[in-house]
file model38.cif (mmCIF, C-alpha atoms)
data_start
#
loop_
_atom_site.label_atom_id
_atom_site.label_comp_id
_atom_site.auth_asym_id
_atom_site.auth_seq_id
_atom_site.Cartn_x
_atom_site.Cartn_y
_atom_site.Cartn_z
CA MET A 1067 -41.10 0.59 -12.85
CA SER A 1068 -37.67 -0.97 -12.30
CA THR A 1069 -34.81 1.03 -10.89
CA LYS A 1070 -31.40 0.81 -12.50
CA VAL A 1071 -28.56 0.55 -10.01
CA VAL A 1072 -25.91 3.06 -11.06
CA TYR A 1073 -23.64 2.74 -8.03
CA GLU A 1074 -23.48 0.77 -4.81
CA PRO A 1075 -20.76 0.55 -2.15
CA THR A 1076 -18.34 -2.33 -2.34
CA LYS A 1077 -18.97 -5.30 -0.08
CA GLY A 1078 -15.21 -5.35 0.50
CA LEU A 1079 -15.61 -2.57 3.07
CA THR A 1080 -17.75 -2.40 6.18
CA ASP A 1081 -20.45 0.23 6.77
CA SER A 1082 -18.25 2.10 9.26
CA PRO A 1083 -17.68 5.73 8.21
CA LEU A 1084 -14.07 6.37 7.26
CA SER A 1085 -12.26 8.38 9.93
CA TYR A 1086 -9.35 9.67 7.85
CA CYS A 1087 -8.59 13.38 7.61
CA PRO A 1088 -10.33 15.45 4.91
CA GLY A 1089 -8.53 15.01 1.59
CA CYS A 1090 -6.54 11.97 2.69
CA THR A 1091 -6.44 9.39 -0.09
CA HIS A 1092 -6.36 6.37 2.23
CA GLY A 1093 -10.11 6.18 1.68
CA ILE A 1094 -9.70 5.86 -2.10
CA ILE A 1095 -7.10 3.14 -1.69
CA HIS A 1096 -9.33 1.30 0.79
CA LYS A 1097 -12.17 1.38 -1.69
CA LEU A 1098 -10.04 0.05 -4.53
CA VAL A 1099 -8.72 -2.84 -2.43
CA GLY A 1100 -12.26 -3.64 -1.24
CA GLU A 1101 -13.59 -3.61 -4.79
CA VAL A 1102 -10.87 -5.95 -6.02
CA LEU A 1103 -11.45 -8.37 -3.15
CA GLU A 1104 -15.15 -8.40 -4.04
CA GLU A 1105 -14.65 -8.71 -7.79
CA GLN A 1106 -12.22 -11.61 -7.37
CA ASN A 1107 -14.53 -13.31 -4.82
CA LEU A 1108 -11.82 -13.19 -2.17
CA ILE A 1109 -13.57 -11.45 0.75
CA GLY A 1110 -14.51 -14.59 2.66
CA GLU A 1111 -11.08 -16.12 2.24
CA SER A 1112 -8.94 -13.04 2.87
CA ILE A 1113 -6.88 -11.94 5.85
CA GLY A 1114 -5.48 -8.44 6.09
CA VAL A 1115 -2.58 -7.38 8.30
CA ALA A 1116 -1.77 -3.83 9.35
CA SER A 1117 0.59 -2.55 12.00
CA VAL A 1118 1.07 1.01 13.28
CA GLY A 1119 0.19 4.36 11.73
CA CYS A 1120 -2.93 5.52 9.89
CA SER A 1121 -3.16 1.99 8.50
CA VAL A 1122 -4.10 0.70 11.97
CA MET A 1123 -7.62 2.05 11.44
CA SER A 1124 -8.13 -0.26 8.47
CA TYR A 1125 -9.31 -2.99 10.88
CA GLU A 1126 -12.55 -1.04 11.13
CA PHE A 1127 -13.03 -0.77 7.39
CA PHE A 1128 -12.02 -3.91 5.48
CA ASN A 1129 -14.82 -6.47 5.48
CA CYS A 1130 -12.55 -9.47 5.95
CA ASP A 1131 -10.57 -11.00 8.79
CA MET A 1132 -7.90 -8.59 10.02
CA GLN A 1133 -4.85 -9.18 12.21
CA GLN A 1134 -2.85 -6.59 14.10
CA ALA A 1135 0.94 -6.63 13.90
CA PRO A 1136 3.62 -4.75 15.88
CA HIS A 1137 5.10 -1.69 14.21
CA GLY A 1138 6.69 -2.67 10.89
CA ARG A 1139 6.17 -6.39 11.35
CA ALA A 1140 3.16 -6.86 9.07
CA PRO A 1141 5.10 -8.82 6.38
CA ALA A 1142 6.43 -11.20 9.03
CA VAL A 1143 2.96 -11.72 10.52
CA ALA A 1144 1.49 -12.15 7.03
CA THR A 1145 4.17 -14.75 6.28
CA GLY A 1146 3.15 -16.80 9.29
CA ILE A 1147 -0.55 -16.56 8.45
CA LYS A 1148 0.01 -17.51 4.82
CA ARG A 1149 2.10 -20.55 5.70
CA VAL A 1150 -0.60 -21.77 8.08
CA LYS A 1151 -3.43 -20.92 5.67
CA PRO A 1152 -1.87 -21.19 2.19
CA ASN A 1153 -5.22 -21.10 0.38
CA HIS A 1154 -6.26 -17.78 1.92
CA THR A 1155 -5.44 -14.44 0.32
CA VAL A 1156 -3.18 -12.59 2.74
CA PHE A 1157 -2.31 -8.91 2.32
CA THR A 1158 -0.67 -6.20 4.37
CA TYR A 1159 -1.71 -2.55 4.40
CA GLN A 1160 1.21 -0.31 5.42
CA GLY A 1161 2.36 3.29 5.32
CA ASP A 1162 5.83 4.52 4.48
CA GLY A 1163 6.72 5.40 8.07
CA ASP A 1164 5.93 1.77 8.91
CA LEU A 1165 7.22 -0.23 5.95
CA ALA A 1166 10.16 1.92 4.85
CA SER A 1167 11.55 2.54 8.35
CA ILE A 1168 11.17 0.07 11.22
CA GLY A 1169 9.70 -2.55 8.87
CA MET A 1170 12.40 -2.42 6.19
CA ALA A 1171 13.99 -5.76 7.13
CA GLU A 1172 10.63 -7.54 7.13
CA VAL A 1173 9.63 -6.43 3.64
CA ILE A 1174 13.07 -7.10 2.14
CA HIS A 1175 13.25 -10.62 3.50
CA ALA A 1176 9.63 -11.41 2.61
CA ALA A 1177 10.46 -10.41 -0.97
CA HIS A 1178 13.72 -12.34 -0.88
CA ARG A 1179 11.88 -15.50 0.15
CA SER A 1180 9.18 -14.72 -2.44
CA GLU A 1181 6.50 -15.14 0.19
CA ASN A 1182 3.15 -15.57 -1.54
CA ILE A 1183 1.61 -12.42 -0.04
CA THR A 1184 0.49 -9.05 -1.37
CA ILE A 1185 1.61 -5.76 0.15
CA ILE A 1186 -0.36 -2.54 -0.21
CA PHE A 1187 2.19 0.21 0.47
CA VAL A 1188 0.93 3.78 0.95
CA ASN A 1189 3.60 6.45 0.44
CA ASN A 1190 2.63 9.93 1.60
CA ALA A 1191 6.20 11.02 2.36
CA ILE A 1192 5.56 11.66 6.06
CA TYR A 1193 4.65 10.09 9.39
CA GLY A 1194 0.97 11.03 9.21
CA MET A 1195 -0.59 9.66 12.38
CA THR A 1196 2.11 10.46 14.93
CA GLY A 1197 2.53 14.17 14.25
CA GLY A 1198 3.97 14.76 10.79
CA GLN A 1199 7.59 13.80 11.37
CA MET A 1200 10.14 13.20 8.60
CA ALA A 1201 9.89 9.71 7.11
CA PRO A 1202 12.37 7.72 5.01
CA THR A 1203 10.36 8.84 1.97
CA THR A 1204 10.25 12.56 2.82
CA LEU A 1205 11.53 14.58 -0.14
CA ILE A 1206 14.59 16.82 -0.10
CA GLY A 1207 13.47 20.28 1.03
CA GLN A 1208 10.15 19.01 2.39
CA LYS A 1209 9.28 20.54 5.76
CA THR A 1210 8.05 18.35 8.58
CA THR A 1211 7.81 18.68 12.35
CA THR A 1212 11.29 17.14 12.68
CA SER A 1213 12.75 18.89 9.63
CA PRO A 1214 11.29 22.41 9.96
CA ARG A 1215 13.85 23.83 7.51
CA GLY A 1216 13.26 21.02 5.05
CA ARG A 1217 14.97 17.66 4.65
CA SER A 1218 18.62 18.08 3.70
CA LEU A 1219 21.01 15.80 1.85
CA ASP A 1220 22.94 15.02 5.03
CA GLN A 1221 19.78 13.29 6.27
CA GLY A 1222 19.93 10.93 3.30
CA MET A 1223 18.04 10.73 0.04
CA PRO A 1224 14.39 9.61 0.14
CA LEU A 1225 14.06 5.84 -0.25
CA ARG A 1226 12.58 4.48 -3.48
CA ILE A 1227 11.09 1.22 -2.29
CA VAL A 1228 9.93 -0.47 -5.51
CA GLU A 1229 13.22 0.34 -7.26
CA MET A 1230 15.10 -1.29 -4.40
CA LEU A 1231 12.85 -4.36 -4.22
CA ALA A 1232 13.11 -4.79 -8.00
CA THR A 1233 16.71 -5.91 -7.49
CA ILE A 1234 15.54 -8.87 -5.36
CA PRO A 1235 15.07 -12.08 -7.37
CA GLY A 1236 12.16 -13.26 -5.22
CA ALA A 1237 9.94 -10.28 -6.03
CA THR A 1238 7.39 -11.19 -8.71
CA TYR A 1239 5.27 -8.11 -9.33
CA LEU A 1240 6.06 -4.51 -8.31
CA GLU A 1241 4.22 -1.41 -9.47
CA ARG A 1242 3.96 2.21 -8.34
CA VAL A 1243 0.65 3.95 -8.89
CA SER A 1244 -1.10 7.13 -7.79
CA VAL A 1245 -4.63 8.14 -6.85
CA HIS A 1246 -4.46 11.87 -7.48
CA ASP A 1247 -7.03 11.88 -10.32
CA PRO A 1248 -9.66 9.53 -11.85
CA LYS A 1249 -7.40 8.35 -14.68
CA HIS A 1250 -4.72 7.20 -12.26
CA ILE A 1251 -7.27 5.72 -9.85
CA ILE A 1252 -8.46 3.41 -12.66
CA LYS A 1253 -4.85 2.37 -13.35
CA ALA A 1254 -4.26 1.78 -9.65
CA LYS A 1255 -7.20 -0.61 -9.44
CA LYS A 1256 -5.84 -2.63 -12.36
CA ALA A 1257 -2.52 -2.94 -10.54
CA ILE A 1258 -4.25 -4.29 -7.43
CA HIS A 1259 -6.06 -6.85 -9.58
CA LYS A 1260 -2.72 -8.06 -10.97
CA ALA A 1261 -1.11 -8.23 -7.54
CA PHE A 1262 -3.88 -10.39 -6.06
CA GLU A 1263 -3.85 -12.59 -9.17
CA VAL A 1264 -0.14 -13.23 -8.57
CA GLN A 1265 -1.01 -14.54 -5.12
CA THR A 1266 -4.00 -16.57 -6.32
CA ASN A 1267 -1.75 -18.18 -8.95
CA LYS A 1268 0.82 -18.94 -6.23
CA GLN A 1269 3.53 -16.95 -8.00
CA GLY A 1270 5.10 -15.30 -4.98
CA PHE A 1271 5.66 -11.78 -3.67
CA SER A 1272 3.79 -8.74 -4.99
CA LEU A 1273 3.73 -5.11 -3.84
CA ILE A 1274 1.82 -2.09 -5.06
CA GLU A 1275 3.10 1.33 -3.95
CA PHE A 1276 0.58 4.18 -3.89
CA ILE A 1277 1.53 7.84 -4.09
CA SER A 1278 -0.88 9.23 -1.53
CA THR A 1279 -1.62 12.55 0.17
CA CYS A 1280 -1.49 13.85 3.74
CA PRO A 1281 -3.05 17.33 3.60
CA ILE A 1282 -2.91 17.84 7.38
CA GLY A 1283 0.69 16.68 7.71
CA TRP A 1284 1.75 18.65 4.66
CA GLY A 1285 -0.11 21.78 5.81
CA MET A 1286 -2.11 22.01 2.58
CA THR A 1287 -5.68 22.04 1.39
CA PRO A 1288 -6.93 18.76 -0.11
CA ASN A 1289 -6.79 20.21 -3.65
CA ASP A 1290 -3.28 21.59 -3.16
CA SER A 1291 -2.12 18.25 -1.77
CA LEU A 1292 -3.31 16.46 -4.91
CA GLU A 1293 -1.36 18.92 -7.04
CA TRP A 1294 1.71 18.51 -4.83
CA ALA A 1295 1.56 14.75 -5.16
CA LYS A 1296 1.32 15.11 -8.94
CA ASN A 1297 3.93 17.83 -9.46
CA THR A 1298 6.44 17.12 -6.68
CA MET A 1299 6.17 13.52 -5.53
CA ILE A 1300 5.69 11.73 -8.86
CA PRO A 1301 8.77 13.28 -10.52
CA TYR A 1302 10.89 11.73 -7.76
CA TYR A 1303 8.77 8.58 -7.49
CA PRO A 1304 7.96 7.77 -11.15
CA LEU A 1305 4.89 5.65 -11.76
CA GLY A 1306 4.95 2.33 -13.58
CA VAL A 1307 5.71 -1.38 -13.41
CA TYR A 1308 9.15 -1.97 -11.94
CA LYS A 1309 9.12 -5.75 -12.09
CA ASP A 1310 6.85 -8.31 -13.67
CA THR A 1311 8.07 -11.90 -13.83
CA ARG A 1312 4.63 -13.52 -13.76
CA GLU A 1313 5.18 -15.46 -16.96
CA GLU A 1314 8.41 -16.91 -15.61
CA ARG A 1315 7.07 -17.97 -12.20
CA GLU A 1316 6.17 -21.52 -11.39
CA PRO A 1317 3.56 -21.97 -8.59
CA TRP A 1318 4.91 -21.25 -5.14
CA ILE A 1319 7.02 -24.22 -4.03
CA LYS A 1320 6.67 -23.76 -0.26
CA GLU A 1321 3.33 -25.54 -0.15
#

call {"tool": "encode", "arguments": {"input": "model38.cif", "output": "structure tokens"}}
result
Amino acid sequence: MSTKVVYEPTKGLTDSPLSYCPGCTHGIIHKLVGEVLEEQNLIGESIGVASVGCSVMSYEFFNCDMQQAPHGRAPAVATGIKRVKPNHTVFTYQGDGDLASIGMAEVIHAAHRSENITIIFVNNAIYGMTGGQMAPTTLIGQKTTTSPRGRSLDQGMPLRIVEMLATIPGATYLERVSVHDPKHIIKAKKAIHKAFEVQTNKQGFSLIEFISTCPIGWGMTPNDSLEWAKNTMIPYYPLGVYKDTREEREPWIKE
């Protein structure tokens, strides 16, 4: 009697058990990226780059070549790798404390040059790994270890990354998604597919921003953190496609 396979793990991830905190949605995002790499037959020709933060653990989990970068410098490292290996799929995996703070210059200039790379940007509104400090994306009123009374306006408004990058001519595809429920997880996977297709078609810079959770840093249960992401983060960080110029893009000219 034959057995029907209902589910099997993606080959885009290794067999190493995920070490993220309970309720953290990094694991979901990892799985989606791994599935897309597998479904597009990109695993053997892919190189991932992560720098500092919770993303640094992704070296253990993605089943492709991985390269470490200094804090915030993943887009710059990915640029160098892509220019040396233009036929490889090169992606970065970065948190908001990394990309939206010390790495801001790198991501802006990579987009401005329309580097043919894909950036997976995880926004959980906090510095998760280093102790729960306020990040550039921390919401007004949100309490962190460095803003115990809540972020105030005199500390600046939270940065909206995809809205800012959408003003840069070199950016080809920008979308903000969430993984707080199955419906949005399915949409998020479709966005990753599109972003990697942009790179495969040599159409330049793509970035997918994920609204993610940090139950430990937020001081919430996993279920409450999902509700907080839905009811508090998404109203300030609306989901959707912020730029899509795929039909207008000629193949990347830097090759």

call {"tool": "closest_residue", "arguments": {"input": "model38.cif", "among": "A:Thr1311, A:Ser1244, A:Ser1291, A:Ser1278", "to": "Lys1260 (chain A)", "atoms": "all atoms listed in the file"}}
result
A:Thr1311

call {"tool": "resolve_selection", "arguments": {"input": "model38.cif", "expression": "the PyMOL selection byres ((chain A and resi 1234) around 10)", "output": "ChimeraX atom specification"}}
result
/A:1174-1175,1177-1180,1229-1233,1235-1238,1309

call {"tool": "closest_residue", "arguments": {"input": "model38.cif", "among": "A:Pro1141, A:Gly1114, A:Gly1146, A:Pro1301", "to": "Leu1205 (chain A)", "atoms": "only C-alpha atoms"}}
result
A:Pro1301

call {"tool": "resolve_selection", "arguments": {"input": "model38.cif", "expression": "the PyMOL selection byres ((chain A and resi 1185-1189) around 7)", "output": "ChimeraX atom specification"}}
result
/A:1157-1162,1183-1184,1190-1191,1272-1278

call {"tool": "residues_around", "arguments": {"input": "model38.cif", "residues": "Val1122 (chain A)", "least_positions_apart": "6", "cutoff": "12 Å", "atoms": "only C-alpha atoms", "output": "list in words"}}
result
Ser1085, Tyr1086, His1092, Gly1114, Val1115, Ala1116, Phe1128, Met1132, Gln1133, Gln1134, Ala1135, Pro1136, His1137, Gly1138, Ala1140, Thr1158, Tyr1159, Gln1160, Gly1161, Asp1164, Gly1194, Met1195 and Thr1196 of chain A

call {"tool": "write_last_selection", "arguments": {"input": "model38.cif", "atoms": "C-alpha atoms", "output": "CSV table (one decimal), in the coordinates of the input"}}
result
chain,number,residue,atom,x,y,z
A,1085,SER,CA,-12.3,8.4,9.9
A,1086,TYR,CA,-9.4,9.7,7.8
A,1092,HIS,CA,-6.4,6.4,2.2
A,1114,GLY,CA,-5.5,-8.4,6.1
A,1115,VAL,CA,-2.6,-7.4,8.3
A,1116,ALA,CA,-1.8,-3.8,9.4
A,1128,PHE,CA,-12.0,-3.9,5.5
A,1132,MET,CA,-7.9,-8.6,10.0
A,1133,GLN,CA,-4.8,-9.2,12.2
A,1134,GLN,CA,-2.8,-6.6,14.1
A,1135,ALA,CA,0.9,-6.6,13.9
A,1136,PRO,CA,3.6,-4.8,15.9
A,1137,HIS,CA,5.1,-1.7,14.2
A,1138,GLY,CA,6.7,-2.7,10.9
A,1140,ALA,CA,3.2,-6.9,9.1
A,1158,THR,CA,-0.7,-6.2,4.4
A,1159,TYR,CA,-1.7,-2.6,4.4
A,1160,GLN,CA,1.2,-0.3,5.4
A,1161,GLY,CA,2.4,3.3,5.3
A,1164,ASP,CA,5.9,1.8,8.9
A,1194,GLY,CA,1.0,11.0,9.2
A,1195,MET,CA,-0.6,9.7,12.4
A,1196,THR,CA,2.1,10.5,14.9

call {"tool": "resolve_selection", "arguments": {"input": "model38.cif", "expression": "the PyMOL selection byres ((chain A and resi 1250) around 12)", "output": "PyMOL selection string"}}
result
chain A and resi 1094-1095+1098+1242-1249+1251-1257+1276-1278+1292+1296+1300+1305-1306

call {"tool": "write_last_selection", "arguments": {"input": "model38.cif", "atoms": "C-alpha atoms", "output": "PDB file, keeping the file's coordinate frame"}}
result
ATOM      1  CA  ILE A1094      -9.700   5.860  -2.100  1.00  0.00           C
ATOM      2  CA  ILE A1095      -7.100   3.140  -1.690  1.00  0.00           C
ATOM      3  CA  LEU A1098     -10.040   0.050  -4.530  1.00  0.00           C
ATOM      4  CA  ARG A1242       3.960   2.210  -8.340  1.00  0.00           C
ATOM      5  CA  VAL A1243       0.650   3.950  -8.890  1.00  0.00           C
ATOM      6  CA  SER A1244      -1.100   7.130  -7.790  1.00  0.00           C
ATOM      7  CA  VAL A1245      -4.630   8.140  -6.850  1.00  0.00           C
ATOM      8  CA  HIS A1246      -4.460  11.870  -7.480  1.00  0.00           C
ATOM      9  CA  ASP A1247      -7.030  11.880 -10.320  1.00  0.00           C
ATOM     10  CA  PRO A1248      -9.660   9.530 -11.850  1.00  0.00           C
ATOM     11  CA  LYS A1249      -7.400   8.350 -14.680  1.00  0.00           C
ATOM     12  CA  ILE A1251      -7.270   5.720  -9.850  1.00  0.00           C
ATOM     13  CA  ILE A1252      -8.460   3.410 -12.660  1.00  0.00           C
ATOM     14  CA  LYS A1253      -4.850   2.370 -13.350  1.00  0.00           C
ATOM     15  CA  ALA A1254      -4.260   1.780  -9.650  1.00  0.00           C
ATOM     16  CA  LYS A1255      -7.200  -0.610  -9.440  1.00  0.00           C
ATOM     17  CA  LYS A1256      -5.840  -2.630 -12.360  1.00  0.00           C
ATOM     18  CA  ALA A1257      -2.520  -2.940 -10.540  1.00  0.00           C
ATOM     19  CA  PHE A1276       0.580   4.180  -3.890  1.00  0.00           C
ATOM     20  CA  ILE A1277       1.530   7.840  -4.090  1.00  0.00           C
ATOM     21  CA  SER A1278      -0.880   9.230  -1.530  1.00  0.00           C
ATOM     22  CA  LEU A1292      -3.310  16.460  -4.910  1.00  0.00           C
ATOM     23  CA  LYS A1296       1.320  15.110  -8.940  1.00  0.00           C
ATOM     24  CA  ILE A1300       5.690  11.730  -8.860  1.00  0.00           C
ATOM     25  CA  LEU A1305       4.890   5.650 -11.760  1.00  0.00           C
ATOM     26  CA  GLY A1306       4.950   2.330 -13.580  1.00  0.00           C
TER      27      GLY A1306
END

call {"tool": "atom_distance", "arguments": {"input": "model38.cif", "atom1": "CA of Ile1168 (chain A)", "atom2": "CA of Asn1129 (chain A)"}}
result
27.4 Å

call {"tool": "atom_distance", "arguments": {"input": "model38.cif", "atom1": "CA of Val1264 (chain A)", "atom2": "CA of Arg1315 (chain A)"}}
result
9.4 Å

call {"tool": "atom_distance", "arguments": {"input": "model38.cif", "atom1": "CA of Gly1110 (chain A)", "atom2": "CA of Ile1147 (chain A)"}}
result
15.2 Å
